[in-house]
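Participant: Below are the structure tokens for one structure; questions will follow.
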Amino acid sequence: TNSAGMNFLLINALKTAGFEAYPVALSTRGNGRIPMVNPSSSSFNYTITALKIDTLFYYTDASDKYGDWNILP
């Protein structure tokens, strides 16, 4: 399972538990900046999880073994 798959499993588990959870598509530094004029889905190469509690968003990467909320590798 890749990192995107692991994050979608976490999103599914959080939604099953009654939380608002969403995928967040990112572009890593090695992949370069997202073109502002003509962005496309191929510009993104990484997915993390966003969790919304009240009005706050918390972000995590389910594939990071020692990860924590709002700290990305």
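Ordering of the structure tokens sets the chain letters (A, B, ...), residue numbers begin anew at 1 in every chain, and ligands are numbered from 1 in the order given.
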Which parts of chain A does DSSP call helix (DSSP H, G or I) when run on the backbone here, written out as a ChimeraX atom specification?

Facilitator: /A:3-16,29-31,41-43

Participant: For region 52-64 of chain A, work out the shell of residues within 8 Å, counting only C-alpha atoms and skipping chain neighbours fewer than 4 positions away, then give it as a list in words.

Facilitator: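 In the requested format, the answer is Asn2, Ser3, Met6, Asn7, Leu10, Phe19, Glu20, Ala21, Thr47, Ile48, Asp68, Trp69, Asn70, Ile71, Leu72 and Pro73 of chain A.
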
Participant: Would you put the residues from that selection into a file with all heavy atoms, as a compact mmCIF listing (two decimals), in the first residue's frame?

Facilitator:
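Listed below is the output, out_8.txt:
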```
# COMPACT_ATOMS: atom_id res chain seq x y z
N ASN A 2 0.58 2.19 -0.85
CA ASN A 2 1.36 3.43 -0.89
C ASN A 2 0.80 4.44 0.10
O ASN A 2 -0.19 4.21 0.78
CB ASN A 2 1.40 3.99 -2.32
CG ASN A 2 0.02 4.33 -2.84
OD1 ASN A 2 -0.94 4.41 -2.10
ND2 ASN A 2 -0.08 4.53 -4.13
N SER A 3 1.44 5.62 0.18
CA SER A 3 1.02 6.63 1.17
C SER A 3 -0.40 7.12 0.90
O SER A 3 -1.16 7.36 1.85
CB SER A 3 2.00 7.79 1.18
OG SER A 3 1.99 8.47 -0.05
N MET A 6 -2.83 4.55 2.26
CA MET A 6 -2.87 4.57 3.72
C MET A 6 -3.66 5.78 4.24
O MET A 6 -4.43 5.67 5.19
CB MET A 6 -1.45 4.58 4.29
CG MET A 6 -0.71 3.29 4.03
SD MET A 6 0.99 3.34 4.58
CE MET A 6 0.77 3.25 6.33
N ASN A 7 -3.50 6.92 3.58
CA ASN A 7 -4.24 8.10 4.00
C ASN A 7 -5.73 7.97 3.71
O ASN A 7 -6.56 8.41 4.50
CB ASN A 7 -3.65 9.36 3.35
CG ASN A 7 -2.42 9.82 4.08
OD1 ASN A 7 -2.50 10.27 5.21
ND2 ASN A 7 -1.27 9.70 3.45
N LEU A 10 -7.18 5.92 6.45
CA LEU A 10 -7.37 6.75 7.65
C LEU A 10 -8.60 7.64 7.49
O LEU A 10 -9.40 7.78 8.43
CB LEU A 10 -6.13 7.60 7.92
CG LEU A 10 -6.24 8.60 9.07
CD1 LEU A 10 -6.54 7.89 10.39
CD2 LEU A 10 -4.97 9.43 9.17
N PHE A 19 -16.20 11.69 12.18
CA PHE A 19 -15.45 12.92 11.98
C PHE A 19 -15.53 13.40 10.54
O PHE A 19 -15.83 12.61 9.64
CB PHE A 19 -13.97 12.71 12.33
CG PHE A 19 -13.71 12.48 13.79
CD1 PHE A 19 -13.55 11.19 14.28
CD2 PHE A 19 -13.63 13.55 14.66
CE1 PHE A 19 -13.32 10.97 15.62
CE2 PHE A 19 -13.39 13.34 16.01
CZ PHE A 19 -13.24 12.04 16.49
N GLU A 20 -15.25 14.68 10.33
CA GLU A 20 -15.12 15.21 8.97
C GLU A 20 -13.65 15.07 8.57
O GLU A 20 -12.79 15.68 9.19
CB GLU A 20 -15.50 16.69 8.93
CG GLU A 20 -16.97 16.97 8.96
CD GLU A 20 -17.24 18.45 8.75
OE1 GLU A 20 -16.95 18.97 7.66
OE2 GLU A 20 -17.73 19.07 9.70
N ALA A 21 -13.38 14.28 7.56
CA ALA A 21 -12.01 14.05 7.11
C ALA A 21 -11.95 14.16 5.60
O ALA A 21 -12.90 13.77 4.90
CB ALA A 21 -11.52 12.69 7.56
N THR A 47 -0.46 12.68 -1.13
CA THR A 47 -1.75 12.88 -0.47
C THR A 47 -1.58 12.75 1.03
O THR A 47 -0.89 11.85 1.51
CB THR A 47 -2.77 11.84 -0.96
OG1 THR A 47 -2.86 11.91 -2.38
CG2 THR A 47 -4.14 12.09 -0.36
N ILE A 48 -2.21 13.66 1.78
CA ILE A 48 -2.24 13.58 3.24
C ILE A 48 -3.70 13.64 3.69
O ILE A 48 -4.61 13.81 2.87
CB ILE A 48 -1.41 14.69 3.90
CG1 ILE A 48 -1.95 16.08 3.55
CG2 ILE A 48 0.06 14.56 3.54
CD1 ILE A 48 -1.33 17.19 4.36
N ASP A 68 2.82 13.00 13.57
CA ASP A 68 1.91 13.57 14.55
C ASP A 68 1.02 14.56 13.82
O ASP A 68 1.26 14.90 12.66
CB ASP A 68 2.71 14.26 15.66
CG ASP A 68 1.92 14.40 16.94
OD1 ASP A 68 0.74 14.01 16.97
OD2 ASP A 68 2.49 14.89 17.94
N TRP A 69 0.02 15.08 14.47
CA TRP A 69 -0.87 16.05 13.84
C TRP A 69 -0.11 17.34 13.56
O TRP A 69 0.62 17.84 14.41
CB TRP A 69 -2.09 16.31 14.72
CG TRP A 69 -2.96 15.09 14.86
CD1 TRP A 69 -3.02 14.27 15.93
CD2 TRP A 69 -3.83 14.56 13.88
NE1 TRP A 69 -3.90 13.24 15.66
CE2 TRP A 69 -4.41 13.39 14.42
CE3 TRP A 69 -4.18 14.94 12.58
CZ2 TRP A 69 -5.34 12.62 13.72
CZ3 TRP A 69 -5.10 14.18 11.88
CH2 TRP A 69 -5.67 13.03 12.45
N ASN A 70 -0.32 17.88 12.38
CA ASN A 70 0.26 19.16 11.93
C ASN A 70 1.78 19.13 11.81
O ASN A 70 2.39 20.18 11.74
CB ASN A 70 -0.19 20.32 12.81
CG ASN A 70 -1.67 20.58 12.68
OD1 ASN A 70 -2.27 20.32 11.64
ND2 ASN A 70 -2.27 21.08 13.74
N ILE A 71 2.37 17.95 11.78
CA ILE A 71 3.81 17.81 11.52
C ILE A 71 3.95 16.83 10.36
O ILE A 71 3.64 15.66 10.49
CB ILE A 71 4.56 17.29 12.76
CG1 ILE A 71 4.40 18.26 13.92
CG2 ILE A 71 6.03 17.07 12.43
CD1 ILE A 71 5.01 17.79 15.22
N LEU A 72 4.40 17.35 9.23
CA LEU A 72 4.54 16.52 8.04
C LEU A 72 6.00 16.22 7.76
O LEU A 72 6.87 17.05 8.03
CB LEU A 72 3.90 17.23 6.84
CG LEU A 72 2.41 17.54 6.99
CD1 LEU A 72 1.92 18.33 5.79
CD2 LEU A 72 1.62 16.27 7.18
N PRO A 73 6.27 15.04 7.20
CA PRO A 73 7.68 14.69 6.92
C PRO A 73 8.29 15.56 5.84
O PRO A 73 7.63 16.13 5.03
CB PRO A 73 7.60 13.24 6.47
CG PRO A 73 6.20 13.04 6.02
CD PRO A 73 5.37 14.03 6.76
```

Participant: So which one's closest to Ser43 (chain A), A:Gly67, A:Gly5, A:Gly30, A:Gly18? Using only C-alpha atoms, please.

Facilitator: A:Gly30

Participant: Grab the CA of Val24 (chain A) to CA of Ala50 (chain A) distance for me, in Å with one decimal place.

Facilitator: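 Separation between CA of Val24 (chain A) and CA of Ala50 (chain A): 6.5 Å.
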
Participant: Rounded to one decimal, what separation in Å do you get between CA of Ser27 (chain A) and CA of Phe8 (chain A)?

Facilitator: 17.2 Å

Participant: So what do you get for CA of Met36 (chain A) versus CA of Tyr22 (chain A), distance-wise?

Facilitator: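 We find that CA of Met36 (chain A) and CA of Tyr22 (chain A) lie 22.7 Å from each other.
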